Structure formats: C-alpha cells, structure tokens
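First comes the structure, then the notes that go with it.
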Amino acid sequence: MRLQGWILDLYPSPQGMKLWLMEVNQNRHRLIDSFTPAFYVSGSPDSLRRLHGALEPKHSALVCRMTERTDIWERESREVLEISVQHPTQYSSWTRWVQRFDSALRLYNSDLMLASLYCWQKNVFPLALVEVDADEDGQVQHIECRDSEWSFDYELPPLEIMHVRLGGLPRIDPVHGRQTALEVEVGEREYELDESGEPAAVALERLLKWHDPDLILTDWGDAAILPRLRQQAAQLGVALQFNRDPDAQVQQSKARSFMSYGRILFKNSATTLFGRLHVDTRNSFIANKCDLAGLWELARVTKLPVQYCARTTTGTGISYMQMELAYRDGVLIPSQKAEPEDPKPPDALLSADRGGLVFTPKLGFFTNVAELDFVSEYPSIMARFNVSPETVNCPCCPDAPRVPELGYRICQQRRGITSRVVERLISKRTELKQRQPEVSSSTAQRYKLQRDALKWLLVCCFGYTGYKNARFGKIEAHEAINAVARETLLVAKEIAETRGFELLHALVDSLYVWKDQASREDYEQLAREIERQTRLPLAIEAVYRYIVFLPSRQFEDVPVPNRFFAVSNGGSLKVRGLELRRHDTPPLIARMQGQVLDILAEAHDYDSYCRKVEEARAVERKYEENLENGAIAVEDLIVSKRLTRPVRDYRKACHTAIAAQQLYGSGVRLRPGQTVEYIITDSEARIPNDRVRAYSRWEGWHGYDRRRYREMLREAFEVFLKPCGA
C-alpha cells in the first residue's frame with residue numbers, strides 16, 4: 001500500500017524503527033522500517049583484530065567491517081571498525097559490551113539518539129510529510145520525504161489536541177499540595193473531572209477512547225497529573241491507555257538538580273508516551289516561550305523527536321544539528337569532548353579569558369536615543385568569519401588572518417561545522433522576518449514564533465563552543481568569538497563618536513547613541529557605516545522618545561549595565577532590571593509597575609514625564625488603599641523563590657527557608673532548583689514560622705503583612721521618581 005502523511009512519532013523497537021504516520025484524513029498507521037544503527041571503534045590494529053575476532057560468532061546480531069572515517073581534529077582519515085547492530089534496541093548494550101571488552105578502545109557515534117540517527121539515514125524528520133510504500137503487515141518497503149526542514153510555509157498534521165490541566169492558579173506547582181479538579185478541553189468541548197462522581201482516571205480513560213487525541217497538552221502533567229492518574233488507575237485496576245501503542249510502556253524519567261552558569265536549576269521528571277505525543281508546557285522551555293508553532297519548528301530543524309525536543313535544552317538541538325553535518329561529512333562523532341584547551345602562558349590566559357564588552361551607562365533621562373543592535377552578533381561572527389572549534393588554530397593555514405588581541409588563526413580552506421549550522425539558521429530567520437509584513441496576521445504570528453524558536457538555538461550555539469561536554473567544543477573558539485565581538489563594539493563606538501554621536505551605553509552587542517536633533521535617517525546612515533566597516537549586520541532596534549538609565553539599588557550614584565526603561569517613538573516599552581521583570585516579584589507589584597509604565601509611556605519629553613509621574617502616583621496610592629482595606633486577592637501577594645540548596649541545609653531563617661521547611665514538614669519532597677511560593681504574613685514576627693506561610697498551606701486567618709507589602713509597592717514606584725530628582 002502507498003501512504004502519504006506526516007511522521008507523528010518515531011522510536012526504536014527490536015524489529016526496527018517504529019513510525020506513526022498520520023494521513024490528511026487523520027487515519028493513523030503504525031509502521032516498522034528496518035534500521036541497523038552503526039557505531040565505530042578506533043584503536044591499535046591488534047586491538048581491533050582481537051575485537052573483530054570476538055564479535056565474529058555474533059554475526060546474527062552484528063555486522064562488522066573495517067572502513068575509514070575522518071577525525072575532525074587530526075583532519076585525516078583513520079581506519080576504524082564499523083559495528084552495525086541488527087536489533088536497534090540492543091544498540092546501547094553492544095556499545096557497553098565493547099567498552100568492557102577493552103577500555104583502551106575509543107568509541108564514536110556510540111551514544112546517539114536512535115530516532116535522530118534514523119532521520120539522518122533516511123533523510124526524514126519529525127512532522128515531515130513523507131510518502132511510504134508498505135506491505136500489509138505495516139513493514140516499510142520504501143520511504144521518501146516530500147518536505148524540507150528549511151521550508152517556510154509547511155503544512156502540519158491535523159492534530160487532535162486534548163488539553164489537561166488542574167483548576168486554580170496554573171503557575172503553582174500542584175506537588176506542593178494543591179489538589180483541585182481536572183479540567184479537560186478537546187476542541188470546543190470542556191469537561192471537569194472533580195471526583196464527585198466517578199474517579200478521574202476512569203473518566204479520562206473514556207475521553208481518551210472517545211476522542212483518541214494525537215497530542216495531550218498539559219500543565220504540570222509530567223510531575224503531577226499523569227503520574228497521579230496512573231497511580232489511581234493502578235489502584236482501581238483500570239486500564240488507562242495513555243499510549244496509543246499497546247506494545248509500549250509509558251516512560252517516566254527521574255527529576256534532577258544541576259548547576260548551570262553558577263546557578264542551581266531543577267529539571268522535572270518527564271512522562272513520555274508512544275504513538276501519542278505528550279507536551280507539558282510547565283516542563284518545556286520552548287513550548288512555554290514559543291508555543292506549539294515554535295516547538296514544531298525546533299523539532300523539524302533539529303530532527304529530535306517532538307517529546308524529547310520539548311523537554312531538552314536548545315543546546316542539545318544545536319549539538320544534534322552539528323552532529324548531523326558531521327555524520328554526512330563522514331566525520332567521527334566522539335561520545336564526549338576530546339579536544340583539551342591549548343597550553344597558554346598566564347598573560348595570554350588573562351587576555352583570552354574575557355567575556356563581552358560592556359560600557360556602564362550615563363545615569364539620567366535622555367530623549368531621542370537610538371538603540372543599534374548587531375543582529376545575532378555571535379552567530380553572525382561564527383558564520384561570517386568561519387569561527388568553529390575545528391577551524392581555530394588549524395595546522396593548514398599558518399598565514400591566516402589573526403583574531404584581535406589573541407592572535408588565533410582561523411582556517412581559510414574549509415567551512416566549519418558550527419559555521420555552516422548557524423549560517424542556515426540565520427538565513428531562515430532573516431527570510432521569515434522579511435516575509436512577515438506580507439502575510440496575514442495569523443501567518444505573521446506563526447512566523448514570529450518560528451523566528452523566536454530559531455533565536456533560542458542561535459543564542460545557545462555560542463555558549464556550546466566552550467561548554468565542557470560539547471562534542472565538538474573548543475574553548476579557543478569561544479574566546480575567539482568574544483574577542484571579535486569586543487573589537488567590533490570598539491570599532492562601532494569610534495565610528496559613532498567620529499560622526500558626532502555620543503555613546504550613552506553599550507552592552508555586548510548593542511549601542512545606545514544620541515545626537516542633538518538627529519533624525520532616524522541620521523541613525524540609519526550611522527548603522528550602515530558601522531555595518532560596512534565591521535562586516536556584521538546591524539539594525540536599528542528602536543529610536544526612543546526617551547530612555548531612563550537607573551542607578552544600582554544599593555548606591556544612588558553607581559550605574560549598572562542592565563537597569564533602565566525606555567519608550568520608543570511608536571509608544572512601545574522596553575524594560576530591563578525592574579521588579580516586573582523578575583520571576584520572584586508578587587503579581588501585585590508587577591501589575592502596579594506595568595500600569596505606571598503605561599501612563600509614563602504617554603510622555604514625550606522631560607517636563608511631560610514629570611507631570612505623568614504625578615498622575616501615576618495616584619495609581620500607586622490606589623494599590624496601597626486596596627492593600628490596607630483587604631481588597632487584594634491573596635494570589636496577587638505570592639512571592640516565588642528558587643531553592644539554592646537542600647531544605648535541611650539552610651542555616652538561617654530566611655523567608656525561602658521557612659516556606660520550604662513548612663512544605664517539607666507536610667511531606668512535600670523538595671530539591672535544589674525548585675521554586676517555593678509563599679505569602680508574607682508578619683515579616684518581623686519573633687517566631688520565624690510566623691513570618692511567612694507557604695501558599696498551599698495559607699489560610700485566611702494567617703492574614704498578610706500589610707506594612708511589608710506597602711513598602712514593596714513604594715520601593716517599586718520610587719524608581720520612576722529618580723529622573724525628576726525626587
């Protein structure tokens with residue numbers, strides 16, 4: 001039979017790669033495609049001969065042959081043993097067996113995600129439109145892609161989506177004790193499973209059979225909703241079929257805490273389904289930031305399965321895009337980073353180990369200020385100047401141009417893997433932006449979400465060049481990109497000042513410049529000149545009616561790089577470093593600042609700004625009155641804080657520790673990196689336990705600290721008084 005449809009899900013099975021295909025008429029087909037993943041082993045000739053001899057009796061499970069592949073660092077072919085595994089689910093077992101056989105052997109392509117490896121081999125990807133020839137047993141005879149991951153107006157499968165969430169505040173972790181009714185939405189139908197009649201697991205099983213959704217979209221589904229429903233179903237003996245594939249078991253990964261850039265973070269457990277997709281928007285960075293349109297875009301370009309793509313980092317996506325290029329080039333993919341840092345004398349180390357360049361801003365109120373941004377500067381440097389881990393200090397170009405400050409050489413003979421990856425991402429993102437004004441509003445919104453998803457890939461690709469576990473990482477590439485960026489910002493500053501502009505602030509890849517009576521055309525001419533001399537794309541982010549650079553919270557006369565607010569000529573706001581931008585700010589405070597900024601956005605100059613501040617003062621006073629009268633919903637007073645250590649390791653009775661210990665005492669298991677929510681009840685109480693109350697344990701009789709919340713309101717409003725000298 002010949003089928004045409006979209007790849008909905010794919011995962012390995014003992015017989016091959018299992019595919020779920022959806023036709024235009026929403027018929028779903030479960031297919032099996034033969035697939036023999038291979039890994040490579042490098043070592044001395046004697047070691048490889050011994051390994052080959054040990055594997056010969058296992059010919060029914062493996063196929064071995066000597067072949068040649070390229071080493072990315074040595075830039076030459078080497079002889080390796082290729083081991084093809086007949087049953088994909090045994091792939092990891094055989095790589096571990098080889099490692100145990102001789103620990104001196106070096107393995108390549110040995111820990112890749114099999115679904116992605118299949119996509120590379122067959123030239124397909126998740127959600128791709130494909131044409132399949134299959135026999136009556138569902139065995140794929142031939143598969144051909146009718147789609148491209150780099151297309152713009154691609155058609156997506158007509159997914160039946162079931163939304164499952166808990167009633168109440170969606171941002172509060174239900175594991176902390178919030179037990180509310182389940183709300184289920186499919187199309188235009190809504191259901192409430194409140195347990196007053198039949199158990200929620202029984203009711204949901206009936207809805208799953210009735211609607212047979214392709215995607216279950218949840219809030220807190222990974223850690224709370226699905227595990228709770230599965231536990232209830234097991235207790236009742238109900239066959240709750242989250243999976244569409246009856247031969248597979250629902251997969252539950254473990255939660256973990258980890259360090260990233262000096263911060264402790266928490267990654268929740270993941271509930272993965274088979275034959276049916278599950279995306280938890282509370283456990284998916286990309287779905288939360290870029291909606292489903294961004295997730296679909298990311299899954300297509302990275303060739304990562306949708307459910308894994310939803311939960312992993314965008315850095316993993318970039319890594320897999322690099323590895324696909326390496327695979328197609330015949331380059332060996334190491335299981336871990338193999339290239340150490342080049343030896344450096346102390347003075348060279350000090351010069352190299354620097355980040356982006358930042359100029360502290362000039363404090364105060366400024367009108368008619370332009371913000372000039374280098375478009376995706378770090379990725380653009382990689383693409384324009386061919387900066388990639390394997391191209392830095394290459395042995396083949398001793399006379400290549402040198403990186404400023406550092407003297408590193410960049411290869412002139414071949415394009416780097418990272419350079420090629422970011423080049424295609426930049427090109428697609430630029431094309432989407434150019435098409436956006438010419439399409440309908442719904443398509444324009446989809447383009448924006450796709451662009452945002454690609455932006456997050458580009459944002460992290462720079463960091464991955466220096467990441468300690470990156471497959472093709474090399475710290476010298478990271479240092480070279482920073483050095484070029486610093487030199488670029490200095491050149492831009494000199495050009496601006498030569499043309500009579502004053503630099504008010506500069507931050508890594510953007511400049512805030514001012515010139516008396518300058519028009520937008522003047523700023524555009526400046527941008528074109530900077531772009532011409534630096535050879536990097538530069539755009540006018542905005543021309544601001546006014547911008548206010550604010551001092552440090554601790555010292556009134558000390559400027560800080562990222563604390564300001566501005567209003568463009570079109571009336572849009574840009575805010576950095578204020579309370580409404582912080583994740584731990586109570587909604588009451590954030591909403592007050594937002595309303596005040598909306599009033600201040602009507603100002604056009606210094607005098608009108610000061611008048612608007614007086615008008616905005618009435619807003620803050622109204623909030624104070626409502627707070628004093630008890631007319632504030634308790635949900636607006638929630639403070640959210642991230643745990644930086646295990647609960648029992650806190651030694652001081654800070655608010656976060658008190659709330660965490662209250663939850664811990666009631667049986668809630670908390671880990672570093674998780675967020676706790678609490679209400680300030682009496683910040684000066686002698687007994688620490690009376691100072692705050694965990695939100696899930698708060699009751700009306702606890703009340704809230706009117707004085708402390710009033711202080712928070714006033715502190716948040718005072719920042720707007722500073723330009724007026726108050």
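Letters A, B, ... mark the chains of the structure tokens in the order given; residue numbers begin at 1 per chain; ligand numbers begin at 1, in order shown.
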List the spatial neighbours of segment 254-264 of chain A as an mmCIF file with N, CA and C atoms, in the first residue's frame - criterion: any atom at most 6 Å away, only C-alpha atoms, same-chain residues fewer than 5 positions off excluded.
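Contents of the output file around_18.cif:
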```
data_model
loop_
_atom_site.group_PDB
_atom_site.id
_atom_site.type_symbol
_atom_site.label_atom_id
_atom_site.label_comp_id
_atom_site.auth_asym_id
_atom_site.auth_seq_id
_atom_site.Cartn_x
_atom_site.Cartn_y
_atom_site.Cartn_z
ATOM 1 N N SER A 269 10.812 15.526 36.263
ATOM 2 C CA SER A 269 10.681 14.245 35.563
ATOM 3 C C SER A 269 9.854 14.449 34.288
ATOM 4 N N THR A 644 18.176 27.169 46.638
ATOM 5 C CA THR A 644 19.572 27.094 46.218
ATOM 6 C C THR A 644 20.308 25.925 46.852
ATOM 7 N N PRO A 672 16.911 21.174 45.374
ATOM 8 C CA PRO A 672 17.510 22.440 44.938
ATOM 9 C C PRO A 672 17.112 22.763 43.498
ATOM 10 N N GLY A 673 16.841 24.034 43.262
ATOM 11 C CA GLY A 673 16.413 24.468 41.938
ATOM 12 C C GLY A 673 14.912 24.586 41.797
#
```
Exercise. From the DSSP assignment of the backbone, select every residue of segment 497-703 of chain A that is strand (DSSP E), and format the answer as a ChimeraX atom specification.
Key: /A:502-507,510-514,538-551,559-568,573-576,639-642,675-680,692-694
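The protein and nucleic acid residues lying at most 9 Å from Glu423 of chain A are Pro379, Ser380, Met382, Ala383, Arg384, Thr418, Ser419, Arg420, Val421, Leu425, Ile426, Ser427 and Lys428 of chain A, with only C-alpha atoms considered and sequence neighbours fewer than 2 positions away removed.
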Export of prior selection with C-alpha atoms as a tab-separated table (two decimals), in the first residue's frame:
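Saved as again_5.tsv:
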```tsv
chain	number	residue	atom	x	y	z
A	379	PRO	CA	26.27	33.53	15.47
A	380	SER	CA	26.99	36.08	12.72
A	382	MET	CA	30.77	32.35	13.52
A	383	ALA	CA	29.17	32.39	10.08
A	384	ARG	CA	30.94	35.45	8.62
A	418	THR	CA	29.30	25.28	13.56
A	419	SER	CA	29.64	28.00	10.92
A	420	ARG	CA	27.51	26.03	8.46
A	421	VAL	CA	24.84	25.27	11.08
A	425	LEU	CA	19.61	29.22	10.90
A	426	ILE	CA	20.41	32.90	10.36
A	427	SER	CA	19.29	32.68	6.74
A	428	LYS	CA	15.94	31.12	7.61
```
Exercise. Among the residues of segment 403-463 of chain A, find those DSSP assigns to helix (DSSP H, G or I) from the backbone and print them as a ChimeraX atom specification.
Key: /A:417-438,441-463
Now that the selection is made, can you save its residues with C-alpha atoms as a tab-separated table (two decimals), in the first residue's frame?
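What follows is the written file part_0.tsv:
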```tsv
chain	number	residue	atom	x	y	z
A	417	ILE	CA	30.60	22.64	11.13
A	418	THR	CA	29.30	25.28	13.56
A	419	SER	CA	29.64	28.00	10.92
A	420	ARG	CA	27.51	26.03	8.46
A	421	VAL	CA	24.84	25.27	11.08
A	422	VAL	CA	24.37	28.87	12.21
A	423	GLU	CA	24.54	30.16	8.64
A	424	ARG	CA	21.40	28.20	7.70
A	425	LEU	CA	19.61	29.22	10.90
A	426	ILE	CA	20.41	32.90	10.36
A	427	SER	CA	19.29	32.68	6.74
A	428	LYS	CA	15.94	31.12	7.61
A	429	ARG	CA	15.29	33.51	10.48
A	430	THR	CA	16.11	36.51	8.26
A	431	GLU	CA	13.81	35.24	5.50
A	432	LEU	CA	10.94	34.73	7.97
A	433	LYS	CA	11.36	38.31	9.18
A	434	GLN	CA	11.31	39.66	5.62
A	435	ARG	CA	8.18	37.70	4.76
A	436	GLN	CA	6.29	38.71	7.91
A	437	PRO	CA	4.83	42.05	6.70
A	438	GLU	CA	3.49	40.45	3.51
A	441	SER	CA	-1.88	38.27	10.78
A	442	SER	CA	-2.20	34.59	11.76
A	443	THR	CA	0.67	33.58	9.46
A	444	ALA	CA	2.73	36.55	10.71
A	445	GLN	CA	2.22	35.36	14.28
A	446	ARG	CA	3.32	31.84	13.33
A	447	TYR	CA	6.40	33.26	11.59
A	448	LYS	CA	7.24	35.22	14.75
A	449	LEU	CA	7.03	32.10	16.92
A	450	GLN	CA	9.20	30.19	14.45
A	451	ARG	CA	11.74	33.02	14.47
A	452	ASP	CA	11.76	33.06	18.26
A	453	ALA	CA	12.46	29.32	18.34
A	454	LEU	CA	15.36	29.73	15.92
A	455	LYS	CA	16.62	32.65	18.01
A	456	TRP	CA	16.94	30.40	21.06
A	457	LEU	CA	19.00	27.96	19.00
A	458	LEU	CA	21.28	30.80	17.91
A	459	VAL	CA	21.54	32.19	21.43
A	460	CYS	CA	22.99	28.98	22.83
A	461	CYS	CA	25.23	28.00	19.90
A	462	PHE	CA	27.91	30.42	21.10
A	463	GLY	CA	27.94	29.03	24.63
```
Self-check item: Long-range neighbours of Trp97 of chain A as a list in words, 12 Å cut-off, only C-alpha atoms, 5 positions minimum in chain
Solution: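 Neighbouring residues, sequence-local ones excluded: Leu51, Ala54, Leu55, Ile83, Gln90, Tyr91, Ser92, Asp102, Ser103, Leu105, Leu107 and Ser110 of chain A.
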Requested write-out: N, CA and C atoms of the selected residues, as a PDB file, in the first residue's frame:
```pdb
ATOM      1  N   LEU A  51      39.096  -7.524  18.759  1.00  0.00           N
ATOM      2  CA  LEU A  51      37.669  -7.215  18.896  1.00  0.00           C
ATOM      3  C   LEU A  51      36.877  -7.844  17.754  1.00  0.00           C
ATOM      4  N   ALA A  54      36.425 -11.449  18.376  1.00  0.00           N
ATOM      5  CA  ALA A  54      35.478 -11.750  19.446  1.00  0.00           C
ATOM      6  C   ALA A  54      34.038 -11.558  18.995  1.00  0.00           C
ATOM      7  N   LEU A  55      33.830 -10.667  18.015  1.00  0.00           N
ATOM      8  CA  LEU A  55      32.471 -10.387  17.558  1.00  0.00           C
ATOM      9  C   LEU A  55      32.014 -11.286  16.412  1.00  0.00           C
ATOM     10  N   ILE A  83      30.570  -1.304  13.422  1.00  0.00           N
ATOM     11  CA  ILE A  83      29.738  -2.360  14.001  1.00  0.00           C
ATOM     12  C   ILE A  83      28.283  -1.966  13.809  1.00  0.00           C
ATOM     13  N   GLN A  90      19.150  -3.063  20.982  1.00  0.00           N
ATOM     14  CA  GLN A  90      20.368  -3.612  21.589  1.00  0.00           C
ATOM     15  C   GLN A  90      21.595  -2.721  21.334  1.00  0.00           C
ATOM     16  N   TYR A  91      21.380  -1.601  20.698  1.00  0.00           N
ATOM     17  CA  TYR A  91      22.471  -0.698  20.317  1.00  0.00           C
ATOM     18  C   TYR A  91      23.313  -0.287  21.532  1.00  0.00           C
ATOM     19  N   SER A  92      22.676   0.207  22.583  1.00  0.00           N
ATOM     20  CA  SER A  92      23.411   0.660  23.771  1.00  0.00           C
ATOM     21  C   SER A  92      24.109  -0.500  24.463  1.00  0.00           C
ATOM     22  N   ASP A 102      37.516  -3.900  26.025  1.00  0.00           N
ATOM     23  CA  ASP A 102      38.837  -3.261  26.060  1.00  0.00           C
ATOM     24  C   ASP A 102      38.629  -1.775  26.300  1.00  0.00           C
ATOM     25  N   SER A 103      38.921  -1.323  27.512  1.00  0.00           N
ATOM     26  CA  SER A 103      38.661   0.077  27.874  1.00  0.00           C
ATOM     27  C   SER A 103      39.571   1.046  27.132  1.00  0.00           C
ATOM     28  N   LEU A 105      39.967   1.066  23.923  1.00  0.00           N
ATOM     29  CA  LEU A 105      39.363   1.365  22.626  1.00  0.00           C
ATOM     30  C   LEU A 105      38.572   2.666  22.702  1.00  0.00           C
ATOM     31  N   LEU A 107      35.381   4.794  21.241  1.00  0.00           N
ATOM     32  CA  LEU A 107      34.112   4.609  20.534  1.00  0.00           C
ATOM     33  C   LEU A 107      33.628   5.935  19.952  1.00  0.00           C
ATOM     34  N   SER A 110      28.485   6.416  19.260  1.00  0.00           N
ATOM     35  CA  SER A 110      28.047   5.309  20.102  1.00  0.00           C
ATOM     36  C   SER A 110      26.940   5.665  21.086  1.00  0.00           C
TER      37      SER A 110
END
```
Quiz item: What's the 8 Å shell around segment 389-403 of chain A, counting only C-alpha atoms, without same-chain residues fewer than 4 positions away, as an MDAnalysis selection string?
Solution: chainID A and resid 72:73 407:418 465 472:477 480 483:484
Self-check item: Residues near Val613 of chain A, cut-off 10 Å, only C-alpha atoms, skip fewer than 2 positions along chain, as a ChimeraX atom specification
Solution: /A:596-597,599-600,603,608-611,615-619,717,720-721,723-724
Export C-alpha atoms of the chosen residues as a PDB file, in the first residue's frame?
```pdb
ATOM      1  CA  VAL A 596       2.535  53.122  35.897  1.00  0.00           C
ATOM      2  CA  LEU A 597       4.733  52.493  32.857  1.00  0.00           C
ATOM      3  CA  ILE A 599       0.981  56.132  31.894  1.00  0.00           C
ATOM      4  CA  LEU A 600       4.615  57.221  31.603  1.00  0.00           C
ATOM      5  CA  ALA A 603       5.214  61.363  27.900  1.00  0.00           C
ATOM      6  CA  SER A 608       5.705  65.867  30.385  1.00  0.00           C
ATOM      7  CA  TYR A 609       7.402  62.887  32.058  1.00  0.00           C
ATOM      8  CA  CYS A 610       7.436  64.660  35.423  1.00  0.00           C
ATOM      9  CA  ARG A 611       3.753  65.552  35.005  1.00  0.00           C
ATOM     10  CA  GLU A 615      -0.544  61.226  37.510  1.00  0.00           C
ATOM     11  CA  ALA A 616       0.934  57.773  38.027  1.00  0.00           C
ATOM     12  CA  ARG A 617       1.339  58.407  41.761  1.00  0.00           C
ATOM     13  CA  ALA A 618      -2.434  58.071  42.084  1.00  0.00           C
ATOM     14  CA  VAL A 619      -2.180  54.515  40.732  1.00  0.00           C
ATOM     15  CA  PHE A 717       7.348  53.134  42.470  1.00  0.00           C
ATOM     16  CA  PHE A 720      10.136  56.353  38.448  1.00  0.00           C
ATOM     17  CA  LEU A 721      10.758  59.388  40.687  1.00  0.00           C
ATOM     18  CA  PRO A 723      14.643  61.242  36.891  1.00  0.00           C
ATOM     19  CA  CYS A 724      12.627  64.066  38.463  1.00  0.00           C
TER      20      CYS A 724
END
```
Quiz prompt | atom CA of Glu405 of chain A to atom CA of Ser351 of chain A, straight-line distance in Å | solution =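 Separation of atom CA of Ser351 of chain A and atom CA of Glu405 of chain A: 7.2 Å.
Around segment 270-274 of chain A, within 8 Å and counting only C-alpha atoms, the residues found are Asp9, Tyr11, Gly221, Asp222, Ala223, Leu226, Pro227, Phe242, Asn243, Arg244, Asp245, Ala248, Gln249, Val250, Gln251, Gln252, Ser253, Lys254, Ala255, His278, Asn283, Gln307 and Arg311 of chain A, once anything fewer than 4 positions away on its own chain is removed.
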Kindly export the residues of the current selection with C-alpha atoms, as a PDB file, in the first residue's frame.
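Output (again02.pdb):
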```pdb
ATOM      1  CA  ASP A   9       6.106   9.825  16.362  1.00  0.00           C
ATOM      2  CA  TYR A  11      11.051   5.332  18.341  1.00  0.00           C
ATOM      3  CA  GLY A 221       1.450  16.799  33.505  1.00  0.00           C
ATOM      4  CA  ASP A 222       4.961  15.361  33.782  1.00  0.00           C
ATOM      5  CA  ALA A 223       5.406  15.507  37.533  1.00  0.00           C
ATOM      6  CA  LEU A 226      -0.137  11.879  34.633  1.00  0.00           C
ATOM      7  CA  PRO A 227       1.702  10.102  37.484  1.00  0.00           C
ATOM      8  CA  PHE A 242      -2.174   6.932  27.637  1.00  0.00           C
ATOM      9  CA  ASN A 243      -0.142   5.174  24.947  1.00  0.00           C
ATOM     10  CA  ARG A 244      -1.592   4.572  21.519  1.00  0.00           C
ATOM     11  CA  ASP A 245       0.950   1.795  21.005  1.00  0.00           C
ATOM     12  CA  ALA A 248       4.967   0.037  24.699  1.00  0.00           C
ATOM     13  CA  GLN A 249       5.047   1.169  28.314  1.00  0.00           C
ATOM     14  CA  VAL A 250       4.711   4.800  29.414  1.00  0.00           C
ATOM     15  CA  GLN A 251       8.217   6.051  30.176  1.00  0.00           C
ATOM     16  CA  GLN A 252       8.894   8.091  33.315  1.00  0.00           C
ATOM     17  CA  SER A 253      12.313   9.714  33.738  1.00  0.00           C
ATOM     18  CA  LYS A 254      13.742  10.922  37.049  1.00  0.00           C
ATOM     19  CA  ALA A 255      13.847  14.522  38.213  1.00  0.00           C
ATOM     20  CA  HIS A 278       2.605  14.476  25.413  1.00  0.00           C
ATOM     21  CA  ASN A 283       8.229  21.455  31.774  1.00  0.00           C
ATOM     22  CA  GLN A 307       8.515  14.907  23.072  1.00  0.00           C
ATOM     23  CA  ARG A 311      11.931  18.874  27.271  1.00  0.00           C
TER      24      ARG A 311
END
```
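Between atom CA of His176 of chain A and atom CA of Trp220 of chain A lies a distance of 11.7 Å.
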Quiz item: Of the candidates A:Ser510, A:Asn469, A:Asn386, A:Thr313, which one gets nearest to Gly356 of chain A if we count only C-alpha atoms?
Solution: A:Ser510
Self-check item: Separation of atom CA of Pro170 of chain A from atom CA of His655 of chain A in Å
Solution: 22.7 Å
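The nearest approach to Tyr709 of chain A among the residues A:Asp682, A:Asp690, A:Glu76, A:Asp71, with only C-alpha atoms taken into account, belongs to A:Asp682.
Among the candidates A:Glu711, A:Asp509, A:Ala200, A:Ile172, the residue lying nearest to Lys641 of chain A is A:Ile172 (atoms considered: only C-alpha atoms).
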